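Text of the file model_6.cif, holding mmCIF, C-alpha atoms:
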data_input
loop_
_atom_site.label_atom_id
_atom_site.label_comp_id
_atom_site.auth_asym_id
_atom_site.auth_seq_id
_atom_site.Cartn_x
_atom_site.Cartn_y
_atom_site.Cartn_z
CA MET A 1 0.63 -5.96 9.76
CA ARG A 2 0.22 -8.49 12.59
CA ARG A 3 3.73 -9.94 12.31
CA LEU A 4 5.20 -6.51 11.69
CA LEU A 5 3.60 -5.05 14.81
CA ALA A 6 4.73 -7.99 16.92
CA LEU A 7 8.35 -7.52 15.83
CA LEU A 8 8.26 -3.77 16.35
CA ILE A 9 6.74 -4.14 19.82
CA LEU A 10 9.49 -6.61 20.73
CA ALA A 11 12.12 -4.22 19.42
CA ALA A 12 10.63 -1.38 21.42
CA ALA A 13 10.71 -3.46 24.57
CA LEU A 14 14.38 -4.24 24.00
CA ALA A 15 15.33 -0.60 23.49
CA PRO A 16 12.95 1.61 25.46
CA GLY A 17 15.44 4.44 25.72
CA THR A 18 15.46 5.02 21.98
CA TRP A 19 11.82 4.24 21.22
CA LEU A 20 9.27 4.30 24.03
CA ARG A 21 10.92 7.19 25.88
CA GLN A 22 11.24 9.42 22.86
CA ALA A 23 10.43 12.98 23.97
CA LEU A 24 7.09 14.08 22.51
CA PRO A 25 6.59 17.65 21.29
CA PRO A 26 3.41 19.51 22.26
CA PRO A 27 0.49 18.90 19.86
CA SER A 28 0.51 21.02 16.72
CA TYR A 29 -2.12 21.45 14.03
CA ASP A 30 0.02 23.46 11.64
CA LEU A 31 0.35 21.52 8.38
CA ASP A 32 3.85 22.67 7.49
CA LEU A 33 4.39 19.85 4.99
CA ARG A 34 8.03 19.63 3.87
CA PHE A 35 9.74 17.42 1.30
CA ASP A 36 13.40 16.60 1.94
CA GLN A 37 14.93 15.00 -1.15
CA VAL A 38 16.75 11.74 -0.53
CA ARG A 39 20.08 11.11 -2.23
CA LEU A 40 19.77 8.10 -4.53
CA PRO A 41 22.30 5.32 -5.13
CA ALA A 42 24.15 5.06 -8.43
CA ARG A 43 22.06 4.38 -11.52
CA ALA A 44 23.59 0.93 -11.93
CA GLU A 45 22.56 -0.02 -8.39
CA LEU A 46 19.02 1.24 -8.98
CA ALA A 47 18.72 -0.62 -12.28
CA ALA A 48 20.00 -3.86 -10.76
CA HIS A 49 17.11 -3.94 -8.30
CA LEU A 50 14.32 -1.92 -9.91
CA ALA A 51 14.52 -2.27 -13.71
CA PRO A 52 12.19 -1.89 -15.62
CA PHE A 53 11.23 0.82 -13.10
CA GLU A 54 13.28 4.00 -12.87
CA LEU A 55 13.47 5.68 -9.47
CA GLU A 56 13.23 9.30 -10.53
CA ALA A 57 13.20 10.83 -7.04
CA ALA A 58 12.58 10.09 -3.37
CA TRP A 59 11.67 12.35 -0.46
CA ARG A 60 11.16 12.17 3.28
CA LEU A 61 7.99 14.01 4.25
CA HIS A 62 7.86 15.97 7.48
CA SER A 63 5.18 17.81 9.40
CA ALA A 64 4.63 18.65 13.06
CA HIS A 65 0.86 18.24 12.59
CA GLU A 66 -0.61 15.98 15.27
CA ASP A 67 -2.42 13.81 12.71
CA PHE A 68 0.42 13.42 10.19
CA GLY A 69 1.95 10.02 9.44
CA SER A 70 1.14 6.29 9.46
CA TYR A 71 0.08 6.14 5.79
CA SER A 72 -1.08 2.73 4.65
CA ALA A 73 -2.88 3.49 1.37
CA LEU A 74 -2.48 5.88 -1.56
CA VAL A 75 -4.57 6.96 -4.57
CA ALA A 76 -3.96 9.42 -7.41
CA PRO A 77 -7.19 11.35 -8.15
CA GLY A 78 -5.61 13.36 -10.98
CA LYS A 79 -4.01 16.74 -11.69
CA GLY A 80 -0.86 15.65 -9.89
CA ARG A 81 -2.67 15.32 -6.57
CA LEU A 82 -2.17 12.40 -4.17
CA LEU A 83 -4.38 11.23 -1.31
CA ALA A 84 -2.80 9.15 1.45
CA PHE A 85 -4.86 7.36 4.12
CA SER A 86 -3.53 6.52 7.56
CA ASP A 87 -4.21 3.67 9.93
CA ARG A 88 -5.15 6.34 12.47
CA GLY A 89 -8.17 7.38 10.42
CA PHE A 90 -6.91 10.51 8.64
CA MET A 91 -6.47 11.53 5.03
CA LEU A 92 -3.59 13.65 3.69
CA GLY A 93 -4.10 15.43 0.37
CA PHE A 94 -0.96 16.91 -1.18
CA SER A 95 0.86 17.81 -4.37
CA PRO A 96 4.28 16.15 -4.62
CA PRO A 97 7.26 18.13 -5.94
CA GLY A 98 6.98 18.76 -9.66
CA SER A 99 3.16 18.69 -9.67
CA PRO A 100 0.88 21.74 -9.92
CA ALA A 101 0.98 23.26 -6.46
CA SER A 102 -2.14 23.16 -4.30
CA PRO A 103 -2.43 23.51 -0.52
CA PRO A 104 -2.03 20.30 1.50
CA LEU A 105 -4.81 19.24 3.83
CA ILE A 106 -5.36 16.78 6.64
CA ARG A 107 -8.84 15.70 7.68
CA PRO A 108 -10.56 12.71 9.28
CA ILE A 109 -11.74 10.10 6.78
CA HIS A 110 -15.04 9.96 8.65
CA ALA A 111 -16.69 13.15 9.91
CA SER A 112 -16.41 11.89 13.48
CA THR A 113 -13.26 9.82 13.94
CA SER A 114 -13.69 7.25 16.69
CA MET A 115 -10.78 6.77 19.07
CA LEU A 116 -11.23 3.00 18.82
CA LYS A 117 -8.54 1.35 16.70
CA LYS A 118 -11.08 -0.89 14.99
CA ASN A 119 -12.84 2.18 13.59
CA ARG A 120 -9.67 4.00 12.49
CA ASP A 121 -7.43 1.44 10.79
CA ALA A 122 -7.60 2.31 7.07
CA GLU A 123 -5.21 -0.02 5.23
CA ALA A 124 -6.33 -0.05 1.57
CA ALA A 125 -7.88 2.41 -0.87
CA THR A 126 -8.90 2.58 -4.51
CA ILE A 127 -10.58 5.15 -6.73
CA ASP A 128 -12.89 5.39 -9.74
CA PRO A 129 -11.08 8.08 -11.78
CA ALA A 130 -14.25 9.01 -13.68
CA SER A 131 -16.43 9.84 -10.66
CA GLY A 132 -13.82 10.37 -7.96
CA THR A 133 -15.57 7.79 -5.76
CA ILE A 134 -13.15 6.19 -3.28
CA TRP A 135 -13.37 2.84 -1.51
CA ILE A 136 -11.38 2.14 1.67
CA GLY A 137 -10.53 -1.20 3.26
CA TRP A 138 -10.54 -1.31 7.07
CA GLU A 139 -8.72 -3.83 9.25
CA TYR A 140 -10.15 -5.09 12.57
CA ARG A 141 -13.71 -4.69 11.23
CA ASN A 142 -12.70 -6.28 7.90
CA ALA A 143 -14.94 -3.73 6.24
CA ILE A 144 -15.10 -1.68 3.04
CA SER A 145 -16.47 1.85 2.89
CA ARG A 146 -17.46 3.90 -0.15
CA HIS A 147 -17.07 7.69 -0.20
CA ASP A 148 -18.03 10.37 -2.68
CA SER A 149 -15.27 12.65 -3.97
CA ALA A 150 -16.02 15.26 -1.28
CA PHE A 151 -16.06 12.67 1.53
CA SER A 152 -19.45 14.01 2.51
CA ASP A 153 -21.25 10.68 2.17
CA ALA A 154 -20.14 7.17 3.14
CA VAL A 155 -21.60 3.66 3.07
CA THR A 156 -19.85 0.80 4.88
CA VAL A 157 -20.26 -2.96 4.62
CA GLU A 158 -18.60 -5.90 6.36
CA PRO A 159 -18.48 -8.63 3.69
CA ALA A 160 -19.23 -12.09 5.03
CA ALA A 161 -16.30 -13.46 3.00
CA MET A 162 -13.91 -11.28 5.06
CA ARG A 163 -15.45 -12.04 8.42
CA ASP A 164 -12.69 -14.44 9.54
CA TRP A 165 -9.74 -12.53 8.10
CA GLY A 166 -8.50 -11.67 11.60
CA ALA A 167 -8.42 -8.56 13.77
CA ASN A 168 -5.13 -7.16 12.49
CA SER A 169 -4.45 -9.14 9.32
CA GLY A 170 -7.36 -8.17 7.07
CA PRO A 171 -7.81 -6.28 3.76
CA GLU A 172 -4.44 -4.65 3.16
CA ALA A 173 -4.54 -4.33 -0.65
CA MET A 174 -7.55 -3.48 -2.79
CA THR A 175 -8.09 -2.12 -6.27
CA ARG A 176 -11.00 -1.31 -8.55
CA LEU A 177 -10.39 -2.83 -11.98
CA ALA A 178 -11.26 -0.89 -15.13
CA ASP A 179 -14.21 -3.22 -15.82
CA GLY A 180 -15.79 -2.39 -12.44
CA ARG A 181 -14.69 -5.52 -10.55
CA PHE A 182 -12.76 -5.25 -7.27
CA LEU A 183 -9.77 -7.24 -6.01
CA ALA A 184 -8.99 -7.50 -2.29
CA LEU A 185 -6.02 -9.30 -0.70
CA ARG A 186 -5.61 -10.28 2.94
CA GLU A 187 -2.37 -9.27 4.62
CA GLY A 188 -2.19 -12.26 6.90
CA PHE A 189 -1.06 -15.68 5.72
CA SER A 190 -3.58 -18.46 5.27
CA GLY A 191 -2.20 -20.60 8.14
CA THR A 192 0.06 -20.36 11.17
CA THR A 193 2.95 -22.08 9.39
CA GLU A 194 2.17 -20.66 5.94
CA ASP A 195 4.44 -17.91 4.57
CA ARG A 196 3.29 -17.47 0.96
CA ARG A 197 -0.49 -17.80 0.65
CA HIS A 198 -3.02 -15.06 1.34
CA ARG A 199 -6.79 -15.27 1.07
CA ALA A 200 -8.22 -13.10 -1.69
CA LEU A 201 -11.54 -12.01 -3.15
CA LEU A 202 -12.70 -10.85 -6.58
CA PHE A 203 -15.97 -8.93 -6.37
CA PRO A 204 -18.01 -8.85 -9.62
CA GLY A 205 -18.92 -5.21 -8.91
CA ASP A 206 -18.98 -2.59 -6.18
CA PRO A 207 -18.32 -4.53 -2.94
CA VAL A 208 -20.69 -2.21 -1.07
CA GLU A 209 -23.53 -3.52 -3.24
CA VAL A 210 -22.40 -7.03 -4.31
CA ALA A 211 -22.40 -9.75 -1.67
CA GLU A 212 -20.90 -12.81 -3.39
CA PRO A 213 -17.25 -12.52 -4.47
CA VAL A 214 -15.06 -15.22 -5.99
CA SER A 215 -12.75 -16.66 -3.33
CA PHE A 216 -9.20 -17.79 -4.11
CA GLU A 217 -5.65 -17.54 -2.73
CA PHE A 218 -2.88 -15.21 -3.80
CA VAL A 219 0.58 -16.80 -3.63
CA GLY A 220 3.47 -14.38 -3.23
CA PRO A 221 7.20 -14.55 -2.48
CA ARG A 222 8.10 -16.34 0.72
CA GLY A 223 7.68 -14.22 3.85
CA PHE A 224 6.19 -11.19 2.06
CA SER A 225 2.74 -9.71 2.65
CA PRO A 226 0.71 -7.61 0.18
CA THR A 227 0.37 -3.97 1.21
CA ASP A 228 -1.21 -2.30 -1.85
CA MET A 229 -2.22 -2.92 -5.44
CA ALA A 230 -3.09 -0.94 -8.60
CA GLN A 231 -3.97 -1.73 -12.21
CA ILE A 232 -1.93 -0.78 -15.27
CA PRO A 233 -3.53 0.05 -18.65
CA ASP A 234 -3.18 -3.44 -20.17
CA GLY A 235 -5.38 -4.90 -17.41
CA ARG A 236 -2.70 -6.50 -15.26
CA VAL A 237 -2.01 -5.32 -11.73
CA LEU A 238 1.08 -4.36 -9.77
CA ILE A 239 1.08 -5.70 -6.21
CA LEU A 240 3.30 -4.05 -3.60
CA MET A 241 4.64 -6.45 -0.96
CA ARG A 242 6.71 -6.01 2.20
CA ARG A 243 8.50 -7.93 4.93
CA VAL A 244 10.59 -7.05 7.97
CA VAL A 245 14.28 -7.92 7.59
CA TRP A 246 15.47 -7.14 11.15
CA PRO A 247 13.25 -6.24 14.08
CA PHE A 248 15.52 -3.52 15.51
CA PRO A 249 16.49 -1.18 14.11
CA PRO A 250 13.58 -1.79 11.74
CA ARG A 251 14.61 -2.64 8.18
CA PHE A 252 12.28 -3.58 5.39
CA ALA A 253 12.40 -5.35 2.07
CA GLY A 254 9.84 -5.09 -0.69
CA ARG A 255 8.74 -6.62 -3.95
CA ILE A 256 6.57 -5.42 -6.80
CA ILE A 257 4.67 -8.32 -8.35
CA LEU A 258 3.04 -8.29 -11.79
CA ALA A 259 -0.10 -10.46 -11.98
CA ASP A 260 -3.00 -10.91 -14.39
CA PRO A 261 -6.59 -10.86 -13.03
CA ALA A 262 -7.63 -12.83 -16.14
CA ALA A 263 -5.87 -15.84 -14.56
CA ILE A 264 -8.03 -15.81 -11.40
CA ARG A 265 -10.11 -18.97 -10.87
CA ALA A 266 -12.35 -19.73 -7.91
CA GLY A 267 -10.60 -21.84 -5.30
CA GLU A 268 -7.29 -21.93 -7.17
CA PRO A 269 -3.94 -20.24 -6.41
CA TRP A 270 -3.20 -16.99 -8.26
CA GLN A 271 0.41 -15.99 -8.79
CA GLY A 272 2.47 -13.45 -10.64
CA ILE A 273 6.09 -12.63 -11.30
CA ALA A 274 8.37 -10.33 -9.33
CA VAL A 275 9.44 -7.38 -11.47
CA ALA A 276 11.27 -5.24 -8.88
CA ARG A 277 13.16 -5.87 -5.64
CA LEU A 278 13.13 -3.13 -3.01
CA ALA A 279 16.33 -3.97 -1.14
CA SER A 280 17.97 -2.25 1.82
CA VAL A 281 20.72 -0.75 -0.37
CA LEU A 282 17.94 1.56 -1.64
CA PRO A 283 16.16 4.25 0.42
CA VAL A 284 13.52 1.73 1.50
CA ASP A 285 11.12 2.10 4.40
CA ASN A 286 7.87 0.36 5.38
CA PHE A 287 6.12 0.88 2.02
CA GLU A 288 2.37 0.27 2.33
CA GLY A 289 0.80 2.59 -0.26
CA MET A 290 1.00 2.59 -4.06
CA ALA A 291 -0.74 4.68 -6.72
CA ILE A 292 -0.36 4.78 -10.51
CA ALA A 293 -0.84 7.87 -12.65
CA PRO A 294 -0.63 8.13 -16.45
CA ARG A 295 1.93 10.44 -18.06
CA GLU A 296 1.61 12.41 -21.28
CA ASP A 297 4.41 10.39 -22.91
CA GLY A 298 2.54 7.10 -22.46
CA ARG A 299 4.61 5.97 -19.50
CA LEU A 300 3.30 5.64 -15.94
CA THR A 301 4.26 7.29 -12.67
CA VAL A 302 4.19 4.78 -9.83
CA TRP A 303 4.08 6.41 -6.40
CA LEU A 304 5.01 4.56 -3.19
CA ILE A 305 4.54 5.87 0.36
CA SER A 306 5.64 4.36 3.67
CA ASP A 307 3.92 3.89 7.02
CA ASP A 308 6.19 5.20 9.78
CA ASN A 309 4.33 3.24 12.51
CA GLY A 310 4.75 6.31 14.73
CA ALA A 311 8.33 5.17 15.33
CA ALA A 312 11.31 7.47 15.83
CA LEU A 313 13.56 5.39 13.56
CA GLN A 314 11.14 5.26 10.64
CA GLY A 315 9.78 7.96 8.38
CA THR A 316 7.23 8.90 5.76
CA VAL A 317 9.11 8.19 2.54
CA LEU A 318 7.70 8.95 -0.91
CA TRP A 319 9.10 7.36 -4.07
CA LYS A 320 8.45 8.50 -7.62
CA LEU A 321 9.00 5.61 -10.00
CA VAL A 322 8.63 5.83 -13.78
CA LEU A 323 7.56 2.80 -15.79
CA ASP A 324 7.12 2.14 -19.49
CA PRO A 325 4.55 -0.70 -19.61
CA ALA A 326 6.18 -1.93 -22.81
CA ASP A 327 9.24 -2.88 -20.75
CA LEU A 328 7.28 -5.30 -18.54
CA PRO A 329 7.31 -9.03 -19.30
CA ALA A 330 4.72 -9.99 -21.93
CA ALA A 331 1.22 -10.74 -20.70
CA ASN A 332 0.96 -14.36 -19.58
CA ARG A 333 -2.47 -15.76 -18.80
CA LYS A 334 -0.80 -18.73 -17.08
CA ALA A 335 1.07 -16.58 -14.56
CA ARG A 336 -0.83 -18.28 -11.74
CA GLU A 337 1.05 -21.51 -12.51
CA ARG A 338 4.48 -20.01 -11.77
CA PRO A 339 5.86 -19.01 -8.35
CA ALA A 340 6.67 -15.35 -7.86
CA ARG A 341 10.36 -15.61 -6.96
CA LEU A 342 13.48 -13.50 -7.08
CA PRO A 343 16.77 -14.12 -5.30
CA GLU A 344 16.42 -13.15 -1.65
CA LYS A 345 19.91 -11.66 -1.37
CA SER A 346 20.54 -7.94 -0.82
CA ASP A 347 17.39 -7.38 1.25
#
When written as structure tokens, how does the structure in this file appear?
Amino acid sequence: MRRLLALLILAAALAPGTWLRQALPPPSYDLDLRFDQVRLPARAELAAHLAPFELEAAWRLHSAHEDFGSYSALVAPGKGRLLAFSDRGFMLGFSPPGSPASPPLIRPIHASTSMLKKNRDAEAATIDPASGTIWIGWEYRNAISRHDSAFSDAVTVEPAAMRDWGANSGPEAMTRLADGRFLALREGFSGTTEDRRHRALLFPGDPVEVAEPVSFEFVGPRGFSPTDMAQIPDGRVLILMRRVVWPFPPRFAGRIILADPAAIRAGEPWQGIAVARLASVLPVDNFEGMAIAPREDGRLTVWLISDDNGAALQGTVLWKLVLDPADLPAANRKARERPARLPEKSD
């Protein structure tokens, strides 16, 4: 997020008439959530970049509600429902098209939302599907909070292992594994000249209760930062990554990386393989949230949502991807020994 914000601020300064001087409507608290379907490229174009994923549909979400937008994390609690969390401290609950309809809602993540950025910047989220308990990763404070399914009770910790992750480059991707362990990835790179390595932690249990995680580094494609992560049924994880292609107008490229937590070793690099390329010929935006939901046919629905950064030239885009796990590359416990690379063209 740090590099992204710097580029967007520079772009805004270069074009104040189209960005900073955008006319603002009066505040509204009417949650008139609308889904405008996005026209997709030809199937061959989609397959060339996304196979083995199938992009079933894409929408731009709209609402005049004052607290709508800026979604940086996504979970799927079940029954077709999605919960998106914003870096302004709000949660959006909604049913995407094709799911059983239920009223959308917007509410603060915490009962009393502080106006301070360091107390509002939710960037990662994960859920225990059995209990509905949700954990949220917070930048600036480099903290993790745990919430019950009703968001009526919360406990927050600031793990010592995250203390030096930076003010705006902290826990951007986090997932609870099926065995109860937790993975957390830092958005920022490990050094000022580094463009692949990110500090990472593997907690042996609930991070709110367990103090000593395993420390290692995640190595991704050059110039990309992790923005979200979720586990698939065979135990591996999908990691969503993003980079800015041009500062103005903002364009984004993405990758989906397949990696195996069984390959994690303390102090060693952990890598995966790129299985999808989110290029600019697709309806790509600043994707920061990903959630996975099982389907009755054994396949998976992979949801992606974008953070609009409050910018006039960006939007809240929702993708519905379909994946058959059998179509992924075979499990490889030595994935950490191979670089996660795909050709960088067509971003």
Self-check item: Spatial neighbours of Tyr140 of chain A, 8 Å, only C-alpha atoms, chain gap at least 6 places, as an MDAnalysis selection string
Solution: chainID A and resid 117:119 121 166:170
Quiz item: What lies within 9 Å of segment 187-196 of chain A using all atoms listed in the file, ignoring chain neighbours under 2 positions off, as a list in words?
Solution: Met1, Arg2, Arg3, Trp165, Gly166, Asn168, Ser169, Gly170, Pro171, Glu172, Ala173, Leu185, His198, Arg199, Glu217, Phe218, Val219, Gly220, Pro221, Arg222, Gly223, Phe224, Ser225, Pro226 and Thr227 of chain A
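For Asp324 of chain A, the set of protein, DNA and RNA residues having any atom at most 10 Å away, when counting all atoms listed in the file and skipping those fewer than 2 positions along the same chain, is Pro52, Phe53, Glu54, Arg295, Asp297, Gly298, Arg299, Leu300, Thr301, Val322, Ala326, Asp327 and Leu328 of chain A.
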Quiz item: At what distance in Å, to one decimal, does atom CA of Gly80 of chain A lie from atom CA of Asp148 of chain A?
Solution: 19.4 Å
Practice problem: Please evaluate the PyMOL selection byres ((chain A and resi 51) around 12) against the displayed coordinates and give the resulting residues as a PyMOL selection string. | Solution: chain A and resi 43-50+52-55+256+274-278+321-325+327-329
Exercise. Could you tell me which residues the PyMOL selection byres ((chain A and resi 83) around 10) grabs in this file, written as JSON, numbers by chain?
Key: {"A": [71, 73, 74, 75, 76, 77, 78, 81, 82, 84, 85, 91, 92, 93, 94, 95, 104, 105, 106, 125, 291]}
Quiz prompt | A:Ile144, A:Ala279, A:Leu240, A:Leu304 ranked by distance to Ala253 of chain A, top pick (using all atoms listed in the file) | solution =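 Closest to Ala253 of chain A of all the choices is A:Ala279.
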Quiz prompt | Point-to-point distance from atom CA of Glu209 of chain A to atom CA of Ala293 of chain A, Å rounded to tenths | solution =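 Atom-to-atom, atom CA of Glu209 of chain A and atom CA of Ala293 of chain A are spaced 27.1 Å apart.
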Exercise. Find the residues near Phe68 of chain A: any atom within 10 Å, counting only C-alpha atoms, skip ones fewer than 3 places away on the same chain, and give them as a ChimeraX atom specification.
Key: /A:29,31,33,61-65,71,86,88,90-92,106-107,310,316
Quiz item: In Å, how far is it from atom CA of Ala200 of chain A to atom CA of Arg163 of chain A?
Solution: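 Here the two named atoms are 12.5 Å from each other.
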Exercise. Would you write out, as a VMD selection string, every residue that the PyMOL selection byres ((chain A and resi 201) around 6) captures in this file?
Key: chain A and resid 183 to 184 200 202 213 to 215
Exercise. May I ask which of the residues A:Gly254, A:Phe203, A:Asn309, A:Ser72 is the closest one to Met290 of chain A, counting all atoms listed in the file?
Key: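 Closest residue, counting all atoms listed in the file: A:Ser72.
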Quiz item: Using all atoms listed in the file, which residue out of A:Asp308, A:Glu123, A:Glu139, A:Asp285 lies closest to Asp228 of chain A?
Solution: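 Distance minimum relative to Asp228 of chain A lands on A:Glu123.
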Practice problem: Would you kindly return, as a count of residues only, each protein, DNA or RNA residue with an atom no farther than 8 Å from any atom of Gly132 of chain A, considering only C-alpha atoms and excluding same-chain residues fewer than 2 positions away? | Solution: 8
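Among the candidates A:Asp30, A:Asp87, A:Asp36, A:Glu56, the one nearest to Lys320 of chain A when counting all atoms listed in the file is A:Glu56.
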For segment 251-269 of chain A, I'd like the enclosing box, axis-aligned and padded by 8 Å on every side, reported as AutoDock Vina command-line options with centre and edge lengths in Å to one decimal.
--center_x 1.1 --center_y -12.3 --center_z -4.0 --size_x 43.0 --size_y 35.3 --size_z 40.3
Completion of segment 53-75 of chain A up to N, CA and C atoms, as a PDB file, keeping the file's coordinate frame:
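Result file is selection_32.pdb:
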ATOM      1  N   PHE A  53      11.617  -0.444 -13.719  1.00  0.00           N
ATOM      2  CA  PHE A  53      11.230   0.820 -13.100  1.00  0.00           C
ATOM      3  C   PHE A  53      12.466   1.722 -12.991  1.00  0.00           C
ATOM      4  N   GLU A  54      12.233   3.002 -13.107  1.00  0.00           N
ATOM      5  CA  GLU A  54      13.280   4.000 -12.870  1.00  0.00           C
ATOM      6  C   GLU A  54      12.882   4.826 -11.659  1.00  0.00           C
ATOM      7  N   LEU A  55      13.736   4.852 -10.640  1.00  0.00           N
ATOM      8  CA  LEU A  55      13.470   5.680  -9.470  1.00  0.00           C
ATOM      9  C   LEU A  55      13.908   7.103  -9.783  1.00  0.00           C
ATOM     10  N   GLU A  56      12.938   7.934 -10.112  1.00  0.00           N
ATOM     11  CA  GLU A  56      13.230   9.300 -10.530  1.00  0.00           C
ATOM     12  C   GLU A  56      13.597  10.197  -9.358  1.00  0.00           C
ATOM     13  N   ALA A  57      12.934   9.997  -8.222  1.00  0.00           N
ATOM     14  CA  ALA A  57      13.200  10.830  -7.040  1.00  0.00           C
ATOM     15  C   ALA A  57      12.600  10.164  -5.817  1.00  0.00           C
ATOM     16  N   ALA A  58      13.114  10.549  -4.648  1.00  0.00           N
ATOM     17  CA  ALA A  58      12.580  10.090  -3.370  1.00  0.00           C
ATOM     18  C   ALA A  58      12.681  11.226  -2.371  1.00  0.00           C
ATOM     19  N   TRP A  59      11.707  11.293  -1.477  1.00  0.00           N
ATOM     20  CA  TRP A  59      11.670  12.350  -0.460  1.00  0.00           C
ATOM     21  C   TRP A  59      11.272  11.758   0.882  1.00  0.00           C
ATOM     22  N   ARG A  60      11.702  12.407   1.943  1.00  0.00           N
ATOM     23  CA  ARG A  60      11.160  12.170   3.280  1.00  0.00           C
ATOM     24  C   ARG A  60      10.228  13.323   3.600  1.00  0.00           C
ATOM     25  N   LEU A  61       8.990  12.993   3.943  1.00  0.00           N
ATOM     26  CA  LEU A  61       7.990  14.010   4.250  1.00  0.00           C
ATOM     27  C   LEU A  61       7.995  14.290   5.745  1.00  0.00           C
ATOM     28  N   HIS A  62       7.847  15.561   6.080  1.00  0.00           N
ATOM     29  CA  HIS A  62       7.860  15.970   7.480  1.00  0.00           C
ATOM     30  C   HIS A  62       6.721  16.946   7.749  1.00  0.00           C
ATOM     31  N   SER A  63       6.132  16.820   8.910  1.00  0.00           N
ATOM     32  CA  SER A  63       5.180  17.810   9.400  1.00  0.00           C
ATOM     33  C   SER A  63       5.017  17.613  10.895  1.00  0.00           C
ATOM     34  N   ALA A  64       4.860  18.710  11.609  1.00  0.00           N
ATOM     35  CA  ALA A  64       4.630  18.650  13.060  1.00  0.00           C
ATOM     36  C   ALA A  64       3.153  18.446  13.386  1.00  0.00           C
ATOM     37  N   HIS A  65       2.302  18.386  12.368  1.00  0.00           N
ATOM     38  CA  HIS A  65       0.860  18.240  12.590  1.00  0.00           C
ATOM     39  C   HIS A  65       0.568  16.972  13.385  1.00  0.00           C
ATOM     40  N   GLU A  66      -0.278  17.084  14.370  1.00  0.00           N
ATOM     41  CA  GLU A  66      -0.610  15.980  15.270  1.00  0.00           C
ATOM     42  C   GLU A  66      -1.108  14.746  14.527  1.00  0.00           C
ATOM     43  N   ASP A  67      -1.779  14.927  13.402  1.00  0.00           N
ATOM     44  CA  ASP A  67      -2.420  13.810  12.710  1.00  0.00           C
ATOM     45  C   ASP A  67      -1.643  13.355  11.479  1.00  0.00           C
ATOM     46  N   PHE A  68      -0.403  13.801  11.332  1.00  0.00           N
ATOM     47  CA  PHE A  68       0.420  13.420  10.190  1.00  0.00           C
ATOM     48  C   PHE A  68       1.080  12.071  10.440  1.00  0.00           C
ATOM     49  N   GLY A  69       1.194  11.263   9.377  1.00  0.00           N
ATOM     50  CA  GLY A  69       1.950  10.020   9.440  1.00  0.00           C
ATOM     51  C   GLY A  69       1.091   8.777   9.427  1.00  0.00           C
ATOM     52  N   SER A  70       1.770   7.611   9.419  1.00  0.00           N
ATOM     53  CA  SER A  70       1.140   6.290   9.460  1.00  0.00           C
ATOM     54  C   SER A  70       0.326   5.980   8.215  1.00  0.00           C
ATOM     55  N   TYR A  71       0.857   6.296   7.029  1.00  0.00           N
ATOM     56  CA  TYR A  71       0.080   6.140   5.790  1.00  0.00           C
ATOM     57  C   TYR A  71       0.183   4.726   5.244  1.00  0.00           C
ATOM     58  N   SER A  72      -0.983   4.133   5.048  1.00  0.00           N
ATOM     59  CA  SER A  72      -1.080   2.730   4.650  1.00  0.00           C
ATOM     60  C   SER A  72      -1.741   2.534   3.293  1.00  0.00           C
ATOM     61  N   ALA A  73      -2.217   3.606   2.665  1.00  0.00           N
ATOM     62  CA  ALA A  73      -2.880   3.490   1.370  1.00  0.00           C
ATOM     63  C   ALA A  73      -2.703   4.795   0.615  1.00  0.00           C
ATOM     64  N   LEU A  74      -2.752   4.708  -0.726  1.00  0.00           N
ATOM     65  CA  LEU A  74      -2.480   5.880  -1.560  1.00  0.00           C
ATOM     66  C   LEU A  74      -3.308   5.769  -2.839  1.00  0.00           C
ATOM     67  N   VAL A  75      -3.896   6.891  -3.272  1.00  0.00           N
ATOM     68  CA  VAL A  75      -4.570   6.960  -4.570  1.00  0.00           C
ATOM     69  C   VAL A  75      -4.157   8.245  -5.264  1.00  0.00           C
TER      70      VAL A  75
END
